[in-house]
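**Student:** Structure file my_file35.cif (mmCIF, C-alpha atoms) is given on the next line.
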data_structure
#
loop_
_atom_site.group_PDB
_atom_site.id
_atom_site.type_symbol
_atom_site.label_atom_id
_atom_site.label_comp_id
_atom_site.auth_asym_id
_atom_site.auth_seq_id
_atom_site.Cartn_x
_atom_site.Cartn_y
_atom_site.Cartn_z
ATOM 1 C CA MET A 1 -35.370 39.660 107.859
ATOM 2 C CA LYS A 2 -33.871 40.609 104.488
ATOM 3 C CA LYS A 3 -32.526 43.834 105.970
ATOM 4 C CA ILE A 4 -30.937 41.898 108.821
ATOM 5 C CA LEU A 5 -29.303 39.473 106.387
ATOM 6 C CA LEU A 6 -28.012 42.323 104.202
ATOM 7 C CA CYS A 7 -26.522 44.090 107.201
ATOM 8 C CA PHE A 8 -24.914 40.872 108.385
ATOM 9 C CA THR A 9 -23.423 40.233 104.941
ATOM 10 C CA ALA A 10 -22.033 43.769 104.715
ATOM 11 C CA LEU A 11 -20.466 43.504 108.161
ATOM 12 C CA THR A 12 -18.940 40.153 107.233
ATOM 13 C CA LEU A 13 -17.357 41.624 104.106
ATOM 14 C CA ILE A 14 -15.950 44.571 106.052
ATOM 15 C CA PHE A 15 -14.475 42.174 108.622
ATOM 16 C CA LEU A 16 -12.885 39.992 105.943
ATOM 17 C CA VAL A 17 -11.348 42.967 104.139
ATOM 18 C CA ALA A 18 -9.987 44.424 107.363
ATOM 19 C CA CYS A 19 -8.433 41.126 108.406
ATOM 20 C CA ALA A 20 -7.038 40.190 104.994
ATOM 21 C CA PRO A 21 -3.237 40.140 104.678
ATOM 22 C CA LYS A 22 -1.620 43.201 103.085
ATOM 23 C CA ALA A 23 -0.783 43.038 99.429
ATOM 24 C CA ALA A 24 2.585 41.616 98.413
ATOM 25 C CA THR A 25 3.605 44.964 96.963
ATOM 26 C CA SER A 26 3.227 46.565 100.382
ATOM 27 C CA ASP A 27 5.448 43.867 101.920
ATOM 28 C CA LYS A 28 8.014 44.431 99.199
ATOM 29 C CA LYS A 29 8.111 48.159 99.903
ATOM 30 C CA LYS A 30 8.712 47.450 103.575
ATOM 31 C CA ASN A 31 11.709 45.255 102.721
ATOM 32 C CA VAL A 32 13.405 47.779 100.437
ATOM 33 C CA GLU A 33 16.514 49.370 101.963
ATOM 34 C CA THR A 34 17.338 52.946 100.980
ATOM 35 C CA ILE A 35 20.984 53.446 100.029
ATOM 36 C CA ILE A 36 22.367 56.991 100.125
ATOM 37 C CA VAL A 37 24.989 57.381 97.405
ATOM 38 C CA GLY A 38 27.516 60.165 97.878
ATOM 39 C CA THR A 39 28.637 61.817 94.662
ATOM 40 C CA GLY A 40 29.661 65.165 93.192
ATOM 41 C CA THR A 41 28.480 67.667 90.618
ATOM 42 C CA GLN A 42 31.727 68.949 89.099
ATOM 43 C CA TYR A 43 33.359 65.996 87.329
ATOM 44 C CA PRO A 44 32.614 66.327 83.595
ATOM 45 C CA GLY A 45 31.257 63.131 82.077
ATOM 46 C CA ILE A 46 31.240 61.332 85.441
ATOM 47 C CA CYS A 47 28.929 63.239 87.773
ATOM 48 C CA PHE A 48 27.715 66.718 86.902
ATOM 49 C CA ILE A 49 24.651 68.917 86.492
ATOM 50 C CA ASP A 50 23.505 69.161 82.890
ATOM 51 C CA GLU A 51 21.951 72.158 81.129
ATOM 52 C CA ASN A 52 18.517 71.153 82.438
ATOM 53 C CA GLY A 53 19.679 71.086 86.054
ATOM 54 C CA LYS A 54 19.680 67.270 86.205
ATOM 55 C CA LEU A 55 22.349 65.243 87.990
ATOM 56 C CA THR A 56 23.813 62.872 85.414
ATOM 57 C CA GLY A 57 27.031 61.409 83.994
ATOM 58 C CA TYR A 58 28.497 57.931 83.699
ATOM 59 C CA ASP A 59 28.697 57.119 87.416
ATOM 60 C CA ILE A 60 25.188 58.438 88.018
ATOM 61 C CA GLU A 61 23.645 56.448 85.187
ATOM 62 C CA VAL A 62 25.498 53.276 86.219
ATOM 63 C CA ILE A 63 23.978 53.607 89.690
ATOM 64 C CA ARG A 64 20.536 54.066 88.128
ATOM 65 C CA ALA A 65 21.099 50.928 86.054
ATOM 66 C CA ILE A 66 22.201 49.030 89.175
ATOM 67 C CA ASP A 67 19.075 50.275 90.959
ATOM 68 C CA LYS A 68 16.930 48.533 88.335
ATOM 69 C CA LYS A 69 18.846 45.286 88.859
ATOM 70 C CA LEU A 70 18.504 45.286 92.661
ATOM 71 C CA PRO A 71 14.845 45.629 93.733
ATOM 72 C CA GLN A 72 15.815 45.062 97.383
ATOM 73 C CA TYR A 73 17.503 48.476 97.389
ATOM 74 C CA ASN A 74 16.445 52.016 96.561
ATOM 75 C CA PHE A 75 19.427 54.186 95.605
ATOM 76 C CA GLU A 76 19.257 57.930 96.305
ATOM 77 C CA PHE A 77 21.962 60.513 95.612
ATOM 78 C CA LYS A 78 23.474 63.028 98.004
ATOM 79 C CA THR A 79 25.829 65.531 96.379
ATOM 80 C CA MET A 80 28.807 67.201 98.049
ATOM 81 C CA ASP A 81 32.354 68.388 97.413
ATOM 82 C CA PHE A 82 34.717 65.575 96.485
ATOM 83 C CA ALA A 83 36.928 66.273 99.508
ATOM 84 C CA ASN A 84 34.003 65.528 101.862
ATOM 85 C CA LEU A 85 32.979 62.163 100.429
ATOM 86 C CA LEU A 86 35.249 59.851 102.427
ATOM 87 C CA THR A 87 34.645 61.833 105.628
ATOM 88 C CA SER A 88 30.891 61.490 105.146
ATOM 89 C CA LEU A 89 31.241 57.755 104.469
ATOM 90 C CA GLY A 90 33.297 57.305 107.634
ATOM 91 C CA ALA A 91 30.660 59.188 109.639
ATOM 92 C CA ASN A 92 27.884 56.976 108.175
ATOM 93 C CA LYS A 93 26.175 59.966 106.587
ATOM 94 C CA ILE A 94 26.168 58.094 103.274
ATOM 95 C CA ASP A 95 26.182 54.370 102.429
ATOM 96 C CA MET A 96 28.473 54.346 99.396
ATOM 97 C CA ILE A 97 30.460 56.603 97.071
ATOM 98 C CA ALA A 98 30.116 56.869 93.293
ATOM 99 C CA HIS A 99 32.791 59.308 92.117
ATOM 100 C CA ASN A 100 35.418 57.604 89.956
ATOM 101 C CA MET A 101 37.155 56.203 93.050
ATOM 102 C CA ALA A 102 40.342 54.128 92.947
ATOM 103 C CA LYS A 103 41.817 51.844 95.570
ATOM 104 C CA ASN A 104 44.828 52.839 97.608
ATOM 105 C CA LYS A 105 46.318 51.482 100.825
ATOM 106 C CA GLU A 106 44.909 54.191 103.092
ATOM 107 C CA ARG A 107 41.397 53.897 101.678
ATOM 108 C CA GLU A 108 41.388 50.097 101.852
ATOM 109 C CA GLU A 109 42.376 50.200 105.529
ATOM 110 C CA LYS A 110 39.281 52.245 106.376
ATOM 111 C CA PHE A 111 36.691 51.283 103.774
ATOM 112 C CA LEU A 112 35.334 48.455 101.654
ATOM 113 C CA PHE A 113 35.619 48.387 97.865
ATOM 114 C CA ASN A 114 33.527 46.134 95.673
ATOM 115 C CA ASN A 115 35.449 43.577 93.584
ATOM 116 C CA GLU A 116 34.246 44.380 90.062
ATOM 117 C CA PRO A 117 35.568 47.595 88.453
ATOM 118 C CA TYR A 118 32.854 49.395 86.526
ATOM 119 C CA ASN A 119 35.196 51.785 84.734
ATOM 120 C CA TYR A 120 38.829 52.533 83.910
ATOM 121 C CA SER A 121 40.156 56.071 84.243
ATOM 122 C CA PRO A 122 43.185 56.742 81.990
ATOM 123 C CA LEU A 123 45.205 59.702 83.268
ATOM 124 C CA TYR A 124 47.301 61.845 80.940
ATOM 125 C CA ILE A 125 49.262 65.060 81.339
ATOM 126 C CA THR A 126 46.825 67.799 80.327
ATOM 127 C CA VAL A 127 47.718 71.338 79.309
ATOM 128 C CA ALA A 128 46.165 74.395 77.692
ATOM 129 C CA LYS A 129 45.638 73.783 73.983
ATOM 130 C CA ASP A 130 48.232 76.399 72.949
ATOM 131 C CA ASN A 131 50.904 75.018 75.298
ATOM 132 C CA ASN A 132 53.554 73.280 73.193
ATOM 133 C CA ASP A 133 56.275 73.205 75.877
ATOM 134 C CA VAL A 134 54.928 70.197 77.778
ATOM 135 C CA LYS A 135 54.766 66.914 75.902
ATOM 136 C CA SER A 136 55.250 64.409 78.724
ATOM 137 C CA ILE A 137 55.634 64.196 82.490
ATOM 138 C CA LYS A 138 59.407 64.617 82.088
ATOM 139 C CA ASP A 139 58.783 68.155 80.861
ATOM 140 C CA LEU A 140 57.203 69.163 84.187
ATOM 141 C CA ASP A 141 60.465 69.640 86.100
ATOM 142 C CA GLY A 142 60.364 73.135 87.591
ATOM 143 C CA LYS A 143 56.740 73.609 86.617
ATOM 144 C CA LYS A 144 53.474 73.725 88.543
ATOM 145 C CA VAL A 145 50.851 70.962 88.342
ATOM 146 C CA VAL A 146 47.374 71.582 89.736
ATOM 147 C CA VAL A 147 45.280 68.619 90.947
ATOM 148 C CA SER A 148 42.264 68.018 93.176
ATOM 149 C CA ALA A 149 43.158 67.149 96.752
ATOM 150 C CA THR A 150 42.812 63.413 97.641
ATOM 151 C CA SER A 151 42.234 62.504 93.977
ATOM 152 C CA ASN A 152 43.894 59.682 92.002
ATOM 153 C CA ALA A 153 45.789 62.349 90.079
ATOM 154 C CA ALA A 154 47.108 63.907 93.304
ATOM 155 C CA ASP A 155 48.271 60.518 94.587
ATOM 156 C CA TYR A 156 50.042 59.721 91.328
ATOM 157 C CA VAL A 157 51.901 63.016 90.874
ATOM 158 C CA THR A 158 52.877 63.101 94.576
ATOM 159 C CA GLU A 159 54.448 59.630 94.368
ATOM 160 C CA TYR A 160 56.135 60.448 91.064
ATOM 161 C CA ASN A 161 57.543 63.646 92.564
ATOM 162 C CA LYS A 162 58.980 61.832 95.586
ATOM 163 C CA LYS A 163 60.761 59.325 93.363
ATOM 164 C CA ASN A 164 62.126 61.994 91.018
ATOM 165 C CA GLY A 165 63.645 64.634 93.269
ATOM 166 C CA ASN A 166 60.509 66.681 94.052
ATOM 167 C CA LYS A 167 61.107 68.896 91.024
ATOM 168 C CA ILE A 168 57.404 69.507 90.355
ATOM 169 C CA GLU A 169 55.466 72.140 92.286
ATOM 170 C CA ILE A 170 52.110 70.626 93.240
ATOM 171 C CA ALA A 171 49.109 72.875 93.825
ATOM 172 C CA TYR A 172 45.535 72.008 94.677
ATOM 173 C CA ALA A 173 42.469 73.199 92.798
ATOM 174 C CA GLY A 174 40.079 75.548 94.550
ATOM 175 C CA GLN A 175 36.300 75.366 94.662
ATOM 176 C CA GLY A 176 34.417 75.518 91.394
ATOM 177 C CA SER A 177 34.413 73.395 88.279
ATOM 178 C CA ASN A 178 36.508 75.843 86.223
ATOM 179 C CA ASP A 179 39.313 76.591 88.677
ATOM 180 C CA THR A 180 41.781 74.145 87.116
ATOM 181 C CA ALA A 181 40.938 75.270 83.574
ATOM 182 C CA ASN A 182 41.338 78.922 84.565
ATOM 183 C CA GLN A 183 44.727 78.235 86.153
ATOM 184 C CA LEU A 184 45.912 76.576 82.934
ATOM 185 C CA LYS A 185 44.553 79.414 80.805
ATOM 186 C CA ASN A 186 46.066 82.190 82.945
ATOM 187 C CA GLY A 187 49.427 80.481 83.324
ATOM 188 C CA ARG A 188 49.150 80.088 87.095
ATOM 189 C CA ALA A 189 49.630 76.357 86.504
ATOM 190 C CA ASP A 190 51.436 74.591 83.674
ATOM 191 C CA ALA A 191 49.559 71.308 83.663
ATOM 192 C CA THR A 192 47.122 68.999 85.374
ATOM 193 C CA LEU A 193 46.360 65.279 85.135
ATOM 194 C CA SER A 194 43.099 64.409 83.486
ATOM 195 C CA THR A 195 41.233 61.912 81.315
ATOM 196 C CA PRO A 196 40.392 62.270 77.621
ATOM 197 C CA PHE A 197 36.676 62.302 78.410
ATOM 198 C CA ALA A 198 37.044 65.141 80.934
ATOM 199 C CA VAL A 199 39.074 67.146 78.410
ATOM 200 C CA LYS A 200 36.518 66.482 75.672
ATOM 201 C CA HIS A 201 33.724 67.720 77.929
ATOM 202 C CA GLN A 202 35.762 70.797 78.829
ATOM 203 C CA ASN A 203 36.386 71.611 75.177
ATOM 204 C CA ASP A 204 32.764 71.005 74.204
ATOM 205 C CA THR A 205 31.307 73.221 76.925
ATOM 206 C CA SER A 206 33.850 75.978 77.581
ATOM 207 C CA SER A 207 35.853 78.610 75.735
ATOM 208 C CA ILE A 208 38.942 77.365 77.603
ATOM 209 C CA LYS A 209 40.444 74.592 75.475
ATOM 210 C CA GLU A 210 42.761 71.825 76.682
ATOM 211 C CA LYS A 211 44.590 68.813 75.281
ATOM 212 C CA VAL A 212 46.127 65.600 76.617
ATOM 213 C CA VAL A 213 49.780 64.932 75.792
ATOM 214 C CA GLY A 214 52.148 61.990 75.995
ATOM 215 C CA ASP A 215 51.324 58.442 77.010
ATOM 216 C CA ILE A 216 48.865 57.127 79.569
ATOM 217 C CA LEU A 217 50.374 57.582 83.026
ATOM 218 C CA LEU A 218 47.888 55.476 84.899
ATOM 219 C CA ASP A 219 44.853 53.457 83.842
ATOM 220 C CA THR A 220 43.080 53.204 87.145
ATOM 221 C CA LYS A 221 40.426 50.631 87.928
ATOM 222 C CA VAL A 222 37.363 52.404 89.281
ATOM 223 C CA TYR A 223 35.183 51.018 92.073
ATOM 224 C CA PHE A 224 32.407 51.982 94.449
ATOM 225 C CA VAL A 225 33.337 52.520 98.097
ATOM 226 C CA PHE A 226 31.352 51.341 101.153
ATOM 227 C CA PRO A 227 31.677 51.234 104.935
ATOM 228 C CA LYS A 228 33.365 48.012 106.053
ATOM 229 C CA GLN A 229 30.106 46.527 107.324
ATOM 230 C CA LYS A 230 28.233 46.861 104.003
ATOM 231 C CA THR A 231 29.402 43.481 102.653
ATOM 232 C CA ASP A 232 25.947 42.377 101.456
ATOM 233 C CA LEU A 233 25.448 45.603 99.532
ATOM 234 C CA SER A 234 28.922 45.357 97.997
ATOM 235 C CA LYS A 235 28.276 41.775 96.834
ATOM 236 C CA ALA A 236 24.891 42.716 95.377
ATOM 237 C CA VAL A 237 26.466 45.625 93.484
ATOM 238 C CA ASP A 238 29.132 43.265 92.095
ATOM 239 C CA THR A 239 26.418 40.935 90.816
ATOM 240 C CA ALA A 240 24.664 43.838 89.102
ATOM 241 C CA ILE A 241 27.919 45.125 87.549
ATOM 242 C CA LYS A 242 28.642 41.699 86.040
ATOM 243 C CA GLU A 243 25.181 41.652 84.481
ATOM 244 C CA LEU A 244 25.553 45.200 83.159
ATOM 245 C CA SER A 245 28.917 44.314 81.645
ATOM 246 C CA THR A 246 27.587 41.144 80.017
ATOM 247 C CA ASP A 247 24.497 42.790 78.528
ATOM 248 C CA GLY A 248 26.527 45.703 77.135
ATOM 249 C CA THR A 249 25.037 48.422 79.362
ATOM 250 C CA LEU A 250 28.400 49.598 80.741
ATOM 251 C CA LYS A 251 29.856 49.893 77.242
ATOM 252 C CA LYS A 252 26.781 51.771 76.013
ATOM 253 C CA LEU A 253 26.804 54.212 78.935
ATOM 254 C CA SER A 254 30.549 54.757 78.649
ATOM 255 C CA LYS A 255 30.333 55.618 74.957
ATOM 256 C CA ARG A 256 27.422 57.959 75.604
ATOM 257 C CA TRP A 257 28.876 59.875 78.544
ATOM 258 C CA LEU A 258 32.630 59.447 78.081
ATOM 259 C CA GLY A 259 32.956 59.250 74.300
ATOM 260 C CA ASP A 260 34.537 55.775 74.178
ATOM 261 C CA ASP A 261 34.421 52.403 75.894
ATOM 262 C CA TYR A 262 36.228 52.912 79.202
ATOM 263 C CA SER A 263 34.549 49.898 80.797
ATOM 264 C CA LYS A 264 37.745 48.071 79.751
ATOM 265 C CA SER A 265 41.395 49.078 80.135
ATOM 266 C CA SER A 266 42.908 51.514 77.627
ATOM 267 C CA PHE A 267 46.349 49.897 77.971
ATOM 268 C CA LYS A 268 47.137 47.767 74.924
#
Can you give me the file's structure in the form of structure tokens?

**Tutor:**
Amino acid sequence: MKKILLCFTALTLIFLVACAPKAATSDKKKNVETIIVGTGTQYPGICFIDENGKLTGYDIEVIRAIDKKLPQYNFEFKTMDFANLLTSLGANKIDMIAHNMAKNKEREEKFLFNNEPYNYSPLYITVAKDNNDVKSIKDLDGKKVVVSATSNAADYVTEYNKKNGNKIEIAYAGQGSNDTANQLKNGRADATLSTPFAVKHQNDTSSIKEKVVGDILLDTKVYFVFPKQKTDLSKAVDTAIKELSTDGTLKKLSKRWLGDDYSKSSFK
């Protein structure tokens, strides 16, 4: 009889365990949405591969901080050339872009930007350190400026050129993180448009030295970019950005990766 009772008890326990609801943690995992974040590897200070082979930089670490604020999402990175980011977003191969992106009319027609800027990107004329001929954008008449295709810098110098007689020759950087620097060093280009933090990183990590000259040309608000339908994700990211701004995380990350607080405008 005792054996029968023991067997019955064991079977009862097995039945109860099998029929018990799954743990809350399992339910939470089921409800987490994976977000594929498109980014690059060749923007110093913003998104790049460090000496240990790790993807890092301001934009990358901001996304990681946002990830901690939004347990309903799991953010994963997918790296590619900058020129392919918007195409990949339009083809739904990625869910958002983190690559120092600014708003413009064409982009806003096709894509969704969040409302809260998480960075400001001050653009200056940038030249080789031994170049003393160029001190402002007015000195670029008859000279060549190299920029990355579809970048904020390309948009700015193209519009400036149209309004000022197309006196600047505009060229586009080739593949590779050092192409622009090499063009400046070898004299194939006279200038580019860049940020102080990108120039600092260049000077700290390369034998090719650069400098910014003149005044700020453009202090661009920087946003994340989403497909039009990702309104819930965009709103959640805005909430996280506000929290990260209030608690000082954006300022801390900016000073660490960019050398100063670019979470606020540089214009005085």

**Student:** Could you pull the residues within 8 Å of Lys78 in chain A, counting all atoms listed in the file, minus those fewer than 5 positions along the same chain, as a list in words?

**Tutor:**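 Final neighbour list, sorted by chain and number: Ile36, Val37, Gly38, Thr39 and Ile94 of chain A.
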
**Student:** A:Val237, A:Ala149, A:Leu217, A:Met101: which is nearest Ile35 in chain A, counting all atoms listed in the file?

**Tutor:**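 Between A:Val237, A:Ala149, A:Leu217, A:Met101, the residue approaching Ile35 in chain A most closely is A:Val237.
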
**Student:** Of the residues A:Ser88, A:Thr249, A:Thr192, A:Ser151, which is the one nearest to Ile170 in chain A, using only C-alpha atoms?

**Tutor:**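 Selected residue with least distance to Ile170 in chain A: A:Thr192.
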
**Student:** I'd like the contact shell of Tyr262 in chain A - 12 Å cut-off, all atoms listed in the file, skipping same-chain residues fewer than 6 positions apart - returned as a list in words.

**Tutor:**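 Those residues are Gly45, Ile46, Tyr58, Asp59, Asn100, Pro117, Tyr118, Asn119, Tyr120, Ser121, Pro122, Leu123, Thr195, Pro196, Phe197, Asp219, Thr220, Lys221, Val222, Ser245, Leu250, Lys251, Lys252, Leu253, Ser254, Lys255 and Arg256 of chain A.
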
**Student:** Which one of A:Gln183, A:Gln72, A:Asn166, A:Asn114 sits closest to Met96 in chain A if you count all atoms listed in the file?

**Tutor:** A:Asn114

**Student:** Need to verify the contact set: Asp133 in chain A, 12 Å, only C-alpha atoms, exclusion of same-chain residues closer than 4 positions in sequence. Can you return it as a list in words?

**Tutor:**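 Close residues of Asp133 in chain A: Thr126, Val127, Ala128, Lys129, Ile137, Lys138, Asp139, Leu140, Asp141, Lys143, Asp190, Ala191, Val213 and Gly214 of chain A.
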
**Student:** Between CA of Ile63 in chain A and CA of Phe75 in chain A, what distance in Å does the model show, to one decimal?

**Tutor:**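 Result for CA of Ile63 in chain A versus CA of Phe75 in chain A: 7.5 Å, one decimal.
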
**Student:** For CA of Phe224 in chain A and CA of Lys211 in chain A, determine how far apart the two atoms are, in Å to one decimal place.

**Tutor:**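 According to the coordinates, CA of Phe224 in chain A and CA of Lys211 in chain A are separated by 28.3 Å.
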
**Student:** One decimal, Å: what's the distance from CA of Ala91 in chain A over to CA of Phe111 in chain A, could you say?

**Tutor:**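 Straight-line distance from CA of Ala91 in chain A to CA of Phe111 in chain A works out to 11.5 Å.
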
**Student:** So which residues touch Ala198 in chain A within 9 Å, counting only C-alpha atoms, skipping near sequence neighbours fewer than 3 positions away, as a tab-separated table (two decimals) with C-alpha atoms, keeping the file's coordinate frame?

**Tutor:**
chain	number	residue	atom	x	y	z
A	43	TYR	CA	33.36	66.00	87.33
A	44	PRO	CA	32.61	66.33	83.60
A	45	GLY	CA	31.26	63.13	82.08
A	46	ILE	CA	31.24	61.33	85.44
A	194	SER	CA	43.10	64.41	83.49
A	195	THR	CA	41.23	61.91	81.32
A	201	HIS	CA	33.72	67.72	77.93
A	202	GLN	CA	35.76	70.80	78.83
A	203	ASN	CA	36.39	71.61	75.18
A	258	LEU	CA	32.63	59.45	78.08

**Student:** Have a look at A:Trp257, A:Phe226, A:Tyr156, A:Tyr124 and name the one nearest to Asp95 in chain A; count only C-alpha atoms.

**Tutor:**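 Distance minimum relative to Asp95 in chain A lands on A:Phe226.
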
**Student:** Taking the file as shown, what set of residues would the PyMOL selection byres ((chain A and resi 103) around 8) give back, as a list of chain:residue names?

**Tutor:**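 Matching residues under the PyMOL selection byres ((chain A and resi 103) around 8) are A:Met101, A:Ala102, A:Asn104, A:Lys105, A:Arg107, A:Glu108, A:Phe113, A:Lys221, A:Val222, A:Tyr223.
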
**Student:** With distances taken over all atoms listed in the file, which residue among A:Val199, A:Ala154, A:Leu244, A:Ala189 lies nearest Gly259 in chain A?

**Tutor:**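 Residue with the minimum atom-to-atom distance to Gly259 in chain A: A:Val199.
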
**Student:** Of the residues A:Ile216, A:Cys47, A:Val157, A:Ile241, which is the one nearest to Ser265 in chain A, using only C-alpha atoms?

**Tutor:**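 Under the stated criterion, the closest residue is A:Ile216.
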
**Student:** Residues within 8 Å of Phe82 in chain A, please, as a PyMOL selection string. Count only C-alpha atoms; anything in the same chain fewer than 3 positions from it doesn't count.

**Tutor:** chain A and resi 39-40+85+99
